[in-house]
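Structure first, then comments.
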Amino acid sequence: MNDLTNTSWLNWFRLASPSTFYPVAGRLIPFFWILSIAFGLAGLWVSFFVAPVDAVQGQGYRIIFVHVPASWMSMFLYIVMAAWAGVGLVFNTRLSAMMAQAIAPIGAVMAFLSLWTGAFWGKPMWGAWWVWDARLTSELILFFLYLGFIALQASIDQVRRADKAGAILALVGVVNVPIIYFSVKWWNTLHQGASVSMTKSPSMAHTMLWGMLLMALCFWMYAIAMTLMRVRVIILERESHADWVQNLKEVKG
Amino acid sequence: MNAFFVMVHRDLLLVMRRKSEVLTALFFFVIVTSLFPLGIGADTALLRKIAPGVIWVSALLATLLGLQRLFASDYLDGTLEQLALSPRSFVVLVLGKITAHWLVCGLPLLILAPMIGLQFDLDNASLETLLLTLLLGTPVLSLIGSIGAALTLGLRGGGALMSLLVLPLYIPVLIFGAGAVYAKSVGLDVAGHFSLLGALLILALAFAPWVSAAALRIAIE
């Protein structure tokens with residue numbers, strides 16, 4: 001019996017319990033913050049001092065070092081959120097639903113940041129804050145999907161129903177994301193509104209790519225650290241009646 | 001299959017007993033489309049250009065109005081619980097309710113649309129395309145919308161919340177529906193649009209009733 005509980009498989013499942021996950025997450029948070037800051041400093045140094053000035057776009061192009069990682073993370077986080085929500089729905093694990101709830105606002109912020117920096121980039125490059133480009137439009141719709149998820153969870157009082165309803169919405173959303181993306185893309189090619197294309201960019205200098213990758217890693221680590229911090233707060237809120245929460249140092253003191 | 005028809009018949013009967021609710025949604029459709037020329041101006045060329053988009057967007061909004069009532073009264077008086085407990089497949093019953101909703105809120109839009117189209121000075125070819133897109137597209141609206149209606153069942157501010165959930169999911173239907181009419185008017189082939197609308201309909205028909213049934217079970221749990 002003792003042998004069995006010590007195998008790594010069962011230890012993984014042990015983490016699915018909020019009471020064991022809470023201290024583990026607490027120990028992991030500083031680690032991810034350090035990684036995020038380190039990648040961020042390196043990425044910013046590369047993107048501001050090492051990467052060359054773009055021949056066509058001048059200095060203004062440097063906003064992509066924030067813009068592109070934010071867009072990547074906004075899409076990636078939606079998939080992760082839907083995956084956690086799906087796991088929560090299938091296995092009825094409380095922590096998975098909490099993870100999905102914790103990720104949603106971070107993804108929404110990333111989508112918003114992507115739209116905002118995109119507008120700042122578009123104004124000098126295209127002469128317009130906003131064009132109905134396929135990517136911009138689908139990013140906007142992704143932002144709406146995040147808002148819908150957050151609003152649905154927030155308006156249901158019973159935790160169980162909120163988790164399950166949110167999970168269904170996230171899964172429906174994740175099926176729809178590719179459909180929406182392609183429909184917006186075809187709509188765009190049919191209407192030919194803006195004659196600009198972000199896909200046909202000239203091949204990028206290596207240092208630019210490195211700057212972007214480092215910044216993406218920084219955003220990624222930041223998202224993990226923030227998710228863990230948020231999930232710890234959600235655990236405390238939902239499990240406030242439990243003994244182990246009452247006995248925590250930070251709750252007692 | 002019998003359960004399906006019984007459900008459709010029952011819902012239609014209930015609607016016939018209280019016609020005003022359905023007529024409200026239809027008048028909403030007519031009024032919203034009539035507001036656009038008043039807001040934009042009576043420039044015939046411009047109106048002809050925006051007509052497909054205006055009619056389609058108004059159709060989305062009119063469908064939303066009807067969706068709020070799709071499960072609400074059955075939820076309040078406990079009928080929905082009995083349906084979920086019945087030995088008949090709950091999915092089939094839900095599909096029956098969705099079908100009844102389409103017959104009441106989607107199909108009449110098809111009858112009204114040519115009239116609205118004439119107000120916007122659409123030619124016959126465009127009108128024909130518009131009707132066919134509405135015929136393929138409005139069932140998708142009812143199907144996808146039923147998921148939103150089920151998820152927000154009995155919540156405070158459910159109606160506004162539902163539009164936030166459902167409208168982003170309606171975008172592909174809007175794009176291909178209005179896009180087909182536009183493509184027709186500039187002389188492009190519209191077969192692709194119809195294939196995609198048909199694909200959306202098949203996808204929605206295959207998944208939406210199951211998802212709605214699951215969401216309803218969560219709501220009445």
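Within each chain, counting starts at residue 1; across the structure tokens, chains are named A, B, ... in the order shown, with ligands numbered 1 upward in that order.
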Neighbours of His206 in chain A within 12 Å (only C-alpha atoms; same-chain residues fewer than 5 positions away dropped), as an mmCIF file with all heavy atoms, in the first residue's frame?
data_model
loop_
_atom_site.group_PDB
_atom_site.id
_atom_site.type_symbol
_atom_site.label_atom_id
_atom_site.label_comp_id
_atom_site.auth_asym_id
_atom_site.auth_seq_id
_atom_site.Cartn_x
_atom_site.Cartn_y
_atom_site.Cartn_z
ATOM 1 N N VAL A 46 17.521 42.745 -26.027
ATOM 2 C CA VAL A 46 17.694 42.372 -27.441
ATOM 3 C C VAL A 46 16.824 43.266 -28.320
ATOM 4 O O VAL A 46 17.276 43.789 -29.342
ATOM 5 C CB VAL A 46 17.337 40.881 -27.661
ATOM 6 C CG1 VAL A 46 17.275 40.560 -29.155
ATOM 7 C CG2 VAL A 46 18.351 39.985 -26.980
ATOM 8 N N SER A 47 15.558 43.479 -27.904
ATOM 9 C CA SER A 47 14.638 44.174 -28.809
ATOM 10 C C SER A 47 14.946 45.663 -28.894
ATOM 11 O O SER A 47 14.658 46.289 -29.914
ATOM 12 C CB SER A 47 13.198 43.926 -28.392
ATOM 13 O OG SER A 47 13.042 44.061 -27.012
ATOM 14 N N VAL A 50 19.873 45.441 -29.463
ATOM 15 C CA VAL A 50 20.575 44.555 -30.387
ATOM 16 C C VAL A 50 19.892 44.535 -31.752
ATOM 17 O O VAL A 50 20.540 44.673 -32.781
ATOM 18 C CB VAL A 50 20.669 43.127 -29.808
ATOM 19 C CG1 VAL A 50 21.414 42.225 -30.768
ATOM 20 C CG2 VAL A 50 21.348 43.156 -28.451
ATOM 21 N N ALA A 51 18.542 44.376 -31.732
ATOM 22 C CA ALA A 51 17.828 44.251 -32.998
ATOM 23 C C ALA A 51 18.003 45.519 -33.827
ATOM 24 O O ALA A 51 17.906 46.624 -33.303
ATOM 25 C CB ALA A 51 16.350 43.992 -32.730
ATOM 26 N N PRO A 52 18.274 45.341 -35.139
ATOM 27 C CA PRO A 52 18.514 46.506 -35.987
ATOM 28 C C PRO A 52 17.225 47.280 -36.273
ATOM 29 O O PRO A 52 16.126 46.766 -36.079
ATOM 30 C CB PRO A 52 19.059 45.883 -37.275
ATOM 31 C CG PRO A 52 18.458 44.525 -37.300
ATOM 32 C CD PRO A 52 18.365 44.073 -35.871
ATOM 33 N N GLY A 211 14.585 38.307 -30.131
ATOM 34 C CA GLY A 211 13.915 39.223 -29.210
ATOM 35 C C GLY A 211 12.472 38.812 -28.987
ATOM 36 O O GLY A 211 11.976 38.782 -27.853
ATOM 37 N N MET A 212 11.824 38.432 -30.091
ATOM 38 C CA MET A 212 10.410 38.062 -29.998
ATOM 39 C C MET A 212 10.242 36.774 -29.191
ATOM 40 O O MET A 212 9.335 36.669 -28.360
ATOM 41 C CB MET A 212 9.848 37.873 -31.399
ATOM 42 C CG MET A 212 8.500 38.458 -31.589
ATOM 43 S SD MET A 212 8.270 38.953 -33.282
ATOM 44 C CE MET A 212 7.961 37.405 -34.062
ATOM 45 N N LEU A 213 11.133 35.798 -29.418
ATOM 46 C CA LEU A 213 11.020 34.533 -28.688
ATOM 47 C C LEU A 213 11.252 34.741 -27.193
ATOM 48 O O LEU A 213 10.544 34.183 -26.360
ATOM 49 C CB LEU A 213 12.037 33.522 -29.242
ATOM 50 C CG LEU A 213 11.664 32.936 -30.597
ATOM 51 C CD1 LEU A 213 12.754 32.003 -31.092
ATOM 52 C CD2 LEU A 213 10.344 32.183 -30.489
#
Using only C-alpha atoms, I'd like a table of the residues in chain A that come within 12 Å of chain B; for each, show the closest atom pair and its distance in Å rounded to one decimal, ordered by chain and ascending number, as JSON lines.
{"residue": "A:Leu89", "atom": "CA", "partner": "B:Ile218", "partner_atom": "CA", "distance": 10.8}
{"residue": "A:Thr137", "atom": "CA", "partner": "B:Ile171", "partner_atom": "CA", "distance": 10.7}
{"residue": "A:Ser138", "atom": "CA", "partner": "B:Pro168", "partner_atom": "CA", "distance": 10.0}
{"residue": "A:Glu139", "atom": "CA", "partner": "B:Pro168", "partner_atom": "CA", "distance": 11.6}
{"residue": "A:Leu140", "atom": "CA", "partner": "B:Pro168", "partner_atom": "CA", "distance": 9.7}
{"residue": "A:Ile141", "atom": "CA", "partner": "B:Pro168", "partner_atom": "CA", "distance": 6.2}
{"residue": "A:Leu142", "atom": "CA", "partner": "B:Pro168", "partner_atom": "CA", "distance": 8.5}
{"residue": "A:Phe143", "atom": "CA", "partner": "B:Pro168", "partner_atom": "CA", "distance": 9.8}
{"residue": "A:Phe144", "atom": "CA", "partner": "B:Pro168", "partner_atom": "CA", "distance": 6.8}
{"residue": "A:Leu145", "atom": "CA", "partner": "B:Pro168", "partner_atom": "CA", "distance": 6.9}
{"residue": "A:Tyr146", "atom": "CA", "partner": "B:Leu165", "partner_atom": "CA", "distance": 9.5}
{"residue": "A:Leu147", "atom": "CA", "partner": "B:Leu164", "partner_atom": "CA", "distance": 7.9}
{"residue": "A:Gly148", "atom": "CA", "partner": "B:Leu165", "partner_atom": "CA", "distance": 5.0}
{"residue": "A:Phe149", "atom": "CA", "partner": "B:Leu165", "partner_atom": "CA", "distance": 7.6}
{"residue": "A:Ile150", "atom": "CA", "partner": "B:Leu165", "partner_atom": "CA", "distance": 10.1}
{"residue": "A:Ala151", "atom": "CA", "partner": "B:Leu161", "partner_atom": "CA", "distance": 7.2}
{"residue": "A:Leu152", "atom": "CA", "partner": "B:Leu161", "partner_atom": "CA", "distance": 7.0}
{"residue": "A:Gln153", "atom": "CA", "partner": "B:Thr152", "partner_atom": "CA", "distance": 10.2}
{"residue": "A:Ala154", "atom": "CA", "partner": "B:Leu161", "partner_atom": "CA", "distance": 10.5}
{"residue": "A:Ser155", "atom": "CA", "partner": "B:Leu155", "partner_atom": "CA", "distance": 7.0}
{"residue": "A:Ile156", "atom": "CA", "partner": "B:Leu155", "partner_atom": "CA", "distance": 6.7}
{"residue": "A:Asp157", "atom": "CA", "partner": "B:Leu155", "partner_atom": "CA", "distance": 9.0}
{"residue": "A:Gln158", "atom": "CA", "partner": "B:Ala219", "partner_atom": "CA", "distance": 10.3}
{"residue": "A:Val159", "atom": "CA", "partner": "B:Ile218", "partner_atom": "CA", "distance": 11.7}
{"residue": "A:Arg160", "atom": "CA", "partner": "B:Ile218", "partner_atom": "CA", "distance": 8.8}
{"residue": "A:Arg161", "atom": "CA", "partner": "B:Ile218", "partner_atom": "CA", "distance": 6.2}
{"residue": "A:Ala162", "atom": "CA", "partner": "B:Ile218", "partner_atom": "CA", "distance": 9.3}
{"residue": "A:Asp163", "atom": "CA", "partner": "B:Ile218", "partner_atom": "CA", "distance": 9.9}
{"residue": "A:Lys164", "atom": "CA", "partner": "B:Ile218", "partner_atom": "CA", "distance": 7.0}
{"residue": "A:Ala165", "atom": "CA", "partner": "B:Leu151", "partner_atom": "CA", "distance": 5.9}
{"residue": "A:Gly166", "atom": "CA", "partner": "B:Leu151", "partner_atom": "CA", "distance": 8.4}
{"residue": "A:Ala167", "atom": "CA", "partner": "B:Ala215", "partner_atom": "CA", "distance": 9.9}
{"residue": "A:Ile168", "atom": "CA", "partner": "B:Ala215", "partner_atom": "CA", "distance": 7.2}
{"residue": "A:Leu169", "atom": "CA", "partner": "B:Leu151", "partner_atom": "CA", "distance": 8.0}
{"residue": "A:Ala170", "atom": "CA", "partner": "B:Leu165", "partner_atom": "CA", "distance": 10.4}
{"residue": "A:Leu171", "atom": "CA", "partner": "B:Val211", "partner_atom": "CA", "distance": 9.8}
{"residue": "A:Val172", "atom": "CA", "partner": "B:Val211", "partner_atom": "CA", "distance": 8.4}
{"residue": "A:Gly173", "atom": "CA", "partner": "B:Leu169", "partner_atom": "CA", "distance": 7.7}
{"residue": "A:Val174", "atom": "CA", "partner": "B:Leu169", "partner_atom": "CA", "distance": 10.7}
{"residue": "A:Val175", "atom": "CA", "partner": "B:Leu169", "partner_atom": "CA", "distance": 10.2}
{"residue": "A:Asn176", "atom": "CA", "partner": "B:Leu169", "partner_atom": "CA", "distance": 6.9}
{"residue": "A:Val177", "atom": "CA", "partner": "B:Leu169", "partner_atom": "CA", "distance": 8.8}
{"residue": "A:Pro178", "atom": "CA", "partner": "B:Pro172", "partner_atom": "CA", "distance": 10.4}
{"residue": "A:Ile179", "atom": "CA", "partner": "B:Pro172", "partner_atom": "CA", "distance": 7.1}
{"residue": "A:Ile180", "atom": "CA", "partner": "B:Pro172", "partner_atom": "CA", "distance": 5.7}
{"residue": "A:Tyr181", "atom": "CA", "partner": "B:Pro172", "partner_atom": "CA", "distance": 8.8}
{"residue": "A:Phe182", "atom": "CA", "partner": "B:Pro172", "partner_atom": "CA", "distance": 8.7}
{"residue": "A:Ser183", "atom": "CA", "partner": "B:Pro172", "partner_atom": "CA", "distance": 5.6}
{"residue": "A:Val184", "atom": "CA", "partner": "B:Pro172", "partner_atom": "CA", "distance": 7.4}
{"residue": "A:Lys185", "atom": "CA", "partner": "B:Ile175", "partner_atom": "CA", "distance": 10.2}
{"residue": "A:Trp186", "atom": "CA", "partner": "B:Ile175", "partner_atom": "CA", "distance": 8.9}
{"residue": "A:Trp187", "atom": "CA", "partner": "B:Ile175", "partner_atom": "CA", "distance": 6.4}
{"residue": "A:Asn188", "atom": "CA", "partner": "B:Ile175", "partner_atom": "CA", "distance": 9.7}
{"residue": "A:Thr189", "atom": "CA", "partner": "B:Gly179", "partner_atom": "CA", "distance": 11.2}
{"residue": "A:Leu190", "atom": "CA", "partner": "B:Ala183", "partner_atom": "CA", "distance": 8.0}
{"residue": "A:His191", "atom": "CA", "partner": "B:Gly179", "partner_atom": "CA", "distance": 8.8}
Inset, instruction - Based on DSSP run over this structure's backbone, return all residues of range 56-203 of chain B in helix (DSSP H, G or I), as a ChimeraX atom specification. - result: /B:56-67,72-76,79-85,90-119,124-151,158-185,191-203
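Of the residues listed (B:His101, B:His193, B:Lys49, B:Arg88), B:His193 shows the shortest atom-to-atom separation from Leu132 in chain B; distances use only C-alpha atoms.
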Residue contacts of Arg48 in chain B (9 Å, only C-alpha atoms) excluding same-chain residues fewer than 4 positions away, as a PDB file with N, CA and C atoms, in the first residue's frame:
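Dumped to around_21.pdb:
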ATOM      1  N   ASP B  43     -30.368  57.283 -49.996  1.00  0.00           N
ATOM      2  CA  ASP B  43     -29.570  57.121 -51.213  1.00  0.00           C
ATOM      3  C   ASP B  43     -29.716  55.680 -51.712  1.00  0.00           C
ATOM      4  N   THR B  44     -30.373  55.495 -52.843  1.00  0.00           N
ATOM      5  CA  THR B  44     -30.755  54.157 -53.295  1.00  0.00           C
ATOM      6  C   THR B  44     -29.536  53.254 -53.504  1.00  0.00           C
ATOM      7  N   PRO B  52     -28.097  43.592 -47.655  1.00  0.00           N
ATOM      8  CA  PRO B  52     -27.894  42.236 -47.138  1.00  0.00           C
ATOM      9  C   PRO B  52     -27.404  42.236 -45.689  1.00  0.00           C
ATOM     10  N   GLY B 117     -36.525  43.660 -48.537  1.00  0.00           N
ATOM     11  CA  GLY B 117     -35.606  43.783 -49.653  1.00  0.00           C
ATOM     12  C   GLY B 117     -36.102  44.789 -50.679  1.00  0.00           C
ATOM     13  N   PHE B 120     -35.374  48.220 -49.789  1.00  0.00           N
ATOM     14  CA  PHE B 120     -33.976  48.575 -50.021  1.00  0.00           C
ATOM     15  C   PHE B 120     -33.623  48.494 -51.512  1.00  0.00           C
ATOM     16  N   ASP B 121     -34.624  48.287 -52.351  1.00  0.00           N
ATOM     17  CA  ASP B 121     -34.435  48.287 -53.795  1.00  0.00           C
ATOM     18  C   ASP B 121     -33.486  47.190 -54.274  1.00  0.00           C
ATOM     19  N   LEU B 122     -33.609  45.998 -53.689  1.00  0.00           N
ATOM     20  CA  LEU B 122     -32.797  44.872 -54.160  1.00  0.00           C
ATOM     21  C   LEU B 122     -33.411  44.312 -55.437  1.00  0.00           C
ATOM     22  N   ASP B 123     -32.558  43.865 -56.383  1.00  0.00           N
ATOM     23  CA  ASP B 123     -33.111  43.254 -57.600  1.00  0.00           C
ATOM     24  C   ASP B 123     -33.505  41.805 -57.334  1.00  0.00           C
TER      25      ASP B 123
END
Legend entry - Long-range neighbours of Leu131 in chain B as a list of chain:residue names, 7 Å cut-off, only C-alpha atoms, 4 positions minimum in chain: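 The residues that qualify are B:Leu110, B:Leu127, B:Leu135.
The spacing separating CA of Gly66 in chain B from CA of Val8 in chain B amounts to 15.6 Å.
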Legend entry - Straight-line distance linking CA of His9 in chain B with CA of Gly96 in chain B, stated in Å to one decimal: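 Value for the CA of His9 in chain B-CA of Gly96 in chain B distance: 8.7 Å.
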Could you produce a table of the residues of range 166-245 of chain A lying within 9 Å of range 22-28 of chain A, with the nearest pair of atoms per residue and their separation in Å rounded to one decimal, using only C-alpha atoms, ordered by chain and increasing residue number, as JSON lines?
{"residue": "A:Ala225", "atom": "CA", "partner": "A:Leu28", "partner_atom": "CA", "distance": 7.9}
{"residue": "A:Leu228", "atom": "CA", "partner": "A:Ala25", "partner_atom": "CA", "distance": 5.9}
{"residue": "A:Met229", "atom": "CA", "partner": "A:Gly26", "partner_atom": "CA", "distance": 7.6}
{"residue": "A:Val231", "atom": "CA", "partner": "A:Tyr22", "partner_atom": "CA", "distance": 8.4}
{"residue": "A:Arg232", "atom": "CA", "partner": "A:Tyr22", "partner_atom": "CA", "distance": 5.9}
{"residue": "A:Ile235", "atom": "CA", "partner": "A:Tyr22", "partner_atom": "CA", "distance": 7.4}
{"residue": "A:Leu236", "atom": "CA", "partner": "A:Tyr22", "partner_atom": "CA", "distance": 8.7}
Inset, instruction - Extract, using only C-alpha atoms, all DNA, RNA and protein residues at most 10 Å from Glu21 in chain B, discarding same-chain residues fewer than 6 positions from it, and format them as a PyMOL selection string. - result: chain B and resi 15+65-66+69
Legend entry - Coordinates-based distance that separates CA of Leu136 in chain B from CA of Leu35 in chain B (Å, one decimal):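 Computing the Euclidean distance for CA of Leu35 in chain B and CA of Leu136 in chain B yields 25.7 Å.
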Inset, instruction - Name the residues in contact with Phe219 in chain A at a cut-off of 8 Å, using only C-alpha atoms, excluding same-chain residues fewer than 4 positions from it; report them as a ChimeraX atom specification. - result: /A:36,40,69-70,73,215,223
Keeping only all heavy atoms, write the selected residues to a file as a JSON list (two decimals), in the first residue's frame.
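Listing of result-v9.json after writing:
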[["chain", "number", "residue", "atom", "x", "y", "z"],
["A", 36, "SER", "N", 10.33, 34.87, -15.52],
["A", 36, "SER", "CA", 9.65, 35.88, -16.34],
["A", 36, "SER", "C", 10.48, 37.16, -16.40],
["A", 36, "SER", "O", 10.68, 37.73, -17.47],
["A", 36, "SER", "CB", 8.27, 36.16, -15.77],
["A", 36, "SER", "OG", 7.70, 37.26, -16.41],
["A", 40, "GLY", "N", 12.32, 38.60, -19.57],
["A", 40, "GLY", "CA", 11.86, 39.93, -19.96],
["A", 40, "GLY", "C", 13.01, 40.89, -20.13],
["A", 40, "GLY", "O", 13.07, 41.63, -21.12],
["A", 69, "PRO", "N", 4.01, 38.48, -28.90],
["A", 69, "PRO", "CA", 3.83, 37.56, -27.76],
["A", 69, "PRO", "C", 2.44, 37.66, -27.14],
["A", 69, "PRO", "O", 1.86, 36.63, -26.77],
["A", 69, "PRO", "CB", 4.90, 38.02, -26.77],
["A", 69, "PRO", "CG", 5.94, 38.64, -27.59],
["A", 69, "PRO", "CD", 5.22, 39.29, -28.73],
["A", 70, "ALA", "N", 1.89, 38.87, -27.04],
["A", 70, "ALA", "CA", 0.56, 39.01, -26.45],
["A", 70, "ALA", "C", -0.48, 38.28, -27.30],
["A", 70, "ALA", "O", -1.36, 37.60, -26.76],
["A", 70, "ALA", "CB", 0.20, 40.49, -26.32],
["A", 73, "MET", "N", -0.05, 34.50, -26.80],
["A", 73, "MET", "CA", -0.54, 34.05, -25.51],
["A", 73, "MET", "C", -2.06, 34.09, -25.45],
["A", 73, "MET", "O", -2.68, 33.22, -24.85],
["A", 73, "MET", "CB", 0.03, 34.91, -24.37],
["A", 73, "MET", "CG", 1.49, 34.68, -24.06],
["A", 73, "MET", "SD", 1.97, 32.96, -23.94],
["A", 73, "MET", "CE", 1.09, 32.46, -22.48],
["A", 215, "MET", "N", 10.76, 37.46, -25.50],
["A", 215, "MET", "CA", 9.60, 38.15, -24.94],
["A", 215, "MET", "C", 8.42, 37.19, -24.80],
["A", 215, "MET", "O", 7.66, 37.27, -23.83],
["A", 215, "MET", "CB", 9.19, 39.33, -25.82],
["A", 215, "MET", "CG", 10.14, 40.51, -25.74],
["A", 215, "MET", "SD", 10.44, 41.08, -24.07],
["A", 215, "MET", "CE", 8.89, 41.89, -23.71],
["A", 223, "ALA", "N", 2.34, 34.52, -17.43],
["A", 223, "ALA", "CA", 0.98, 33.97, -17.41],
["A", 223, "ALA", "C", 0.89, 32.82, -16.41],
["A", 223, "ALA", "O", -0.10, 32.72, -15.66],
["A", 223, "ALA", "CB", 0.59, 33.49, -18.80]]
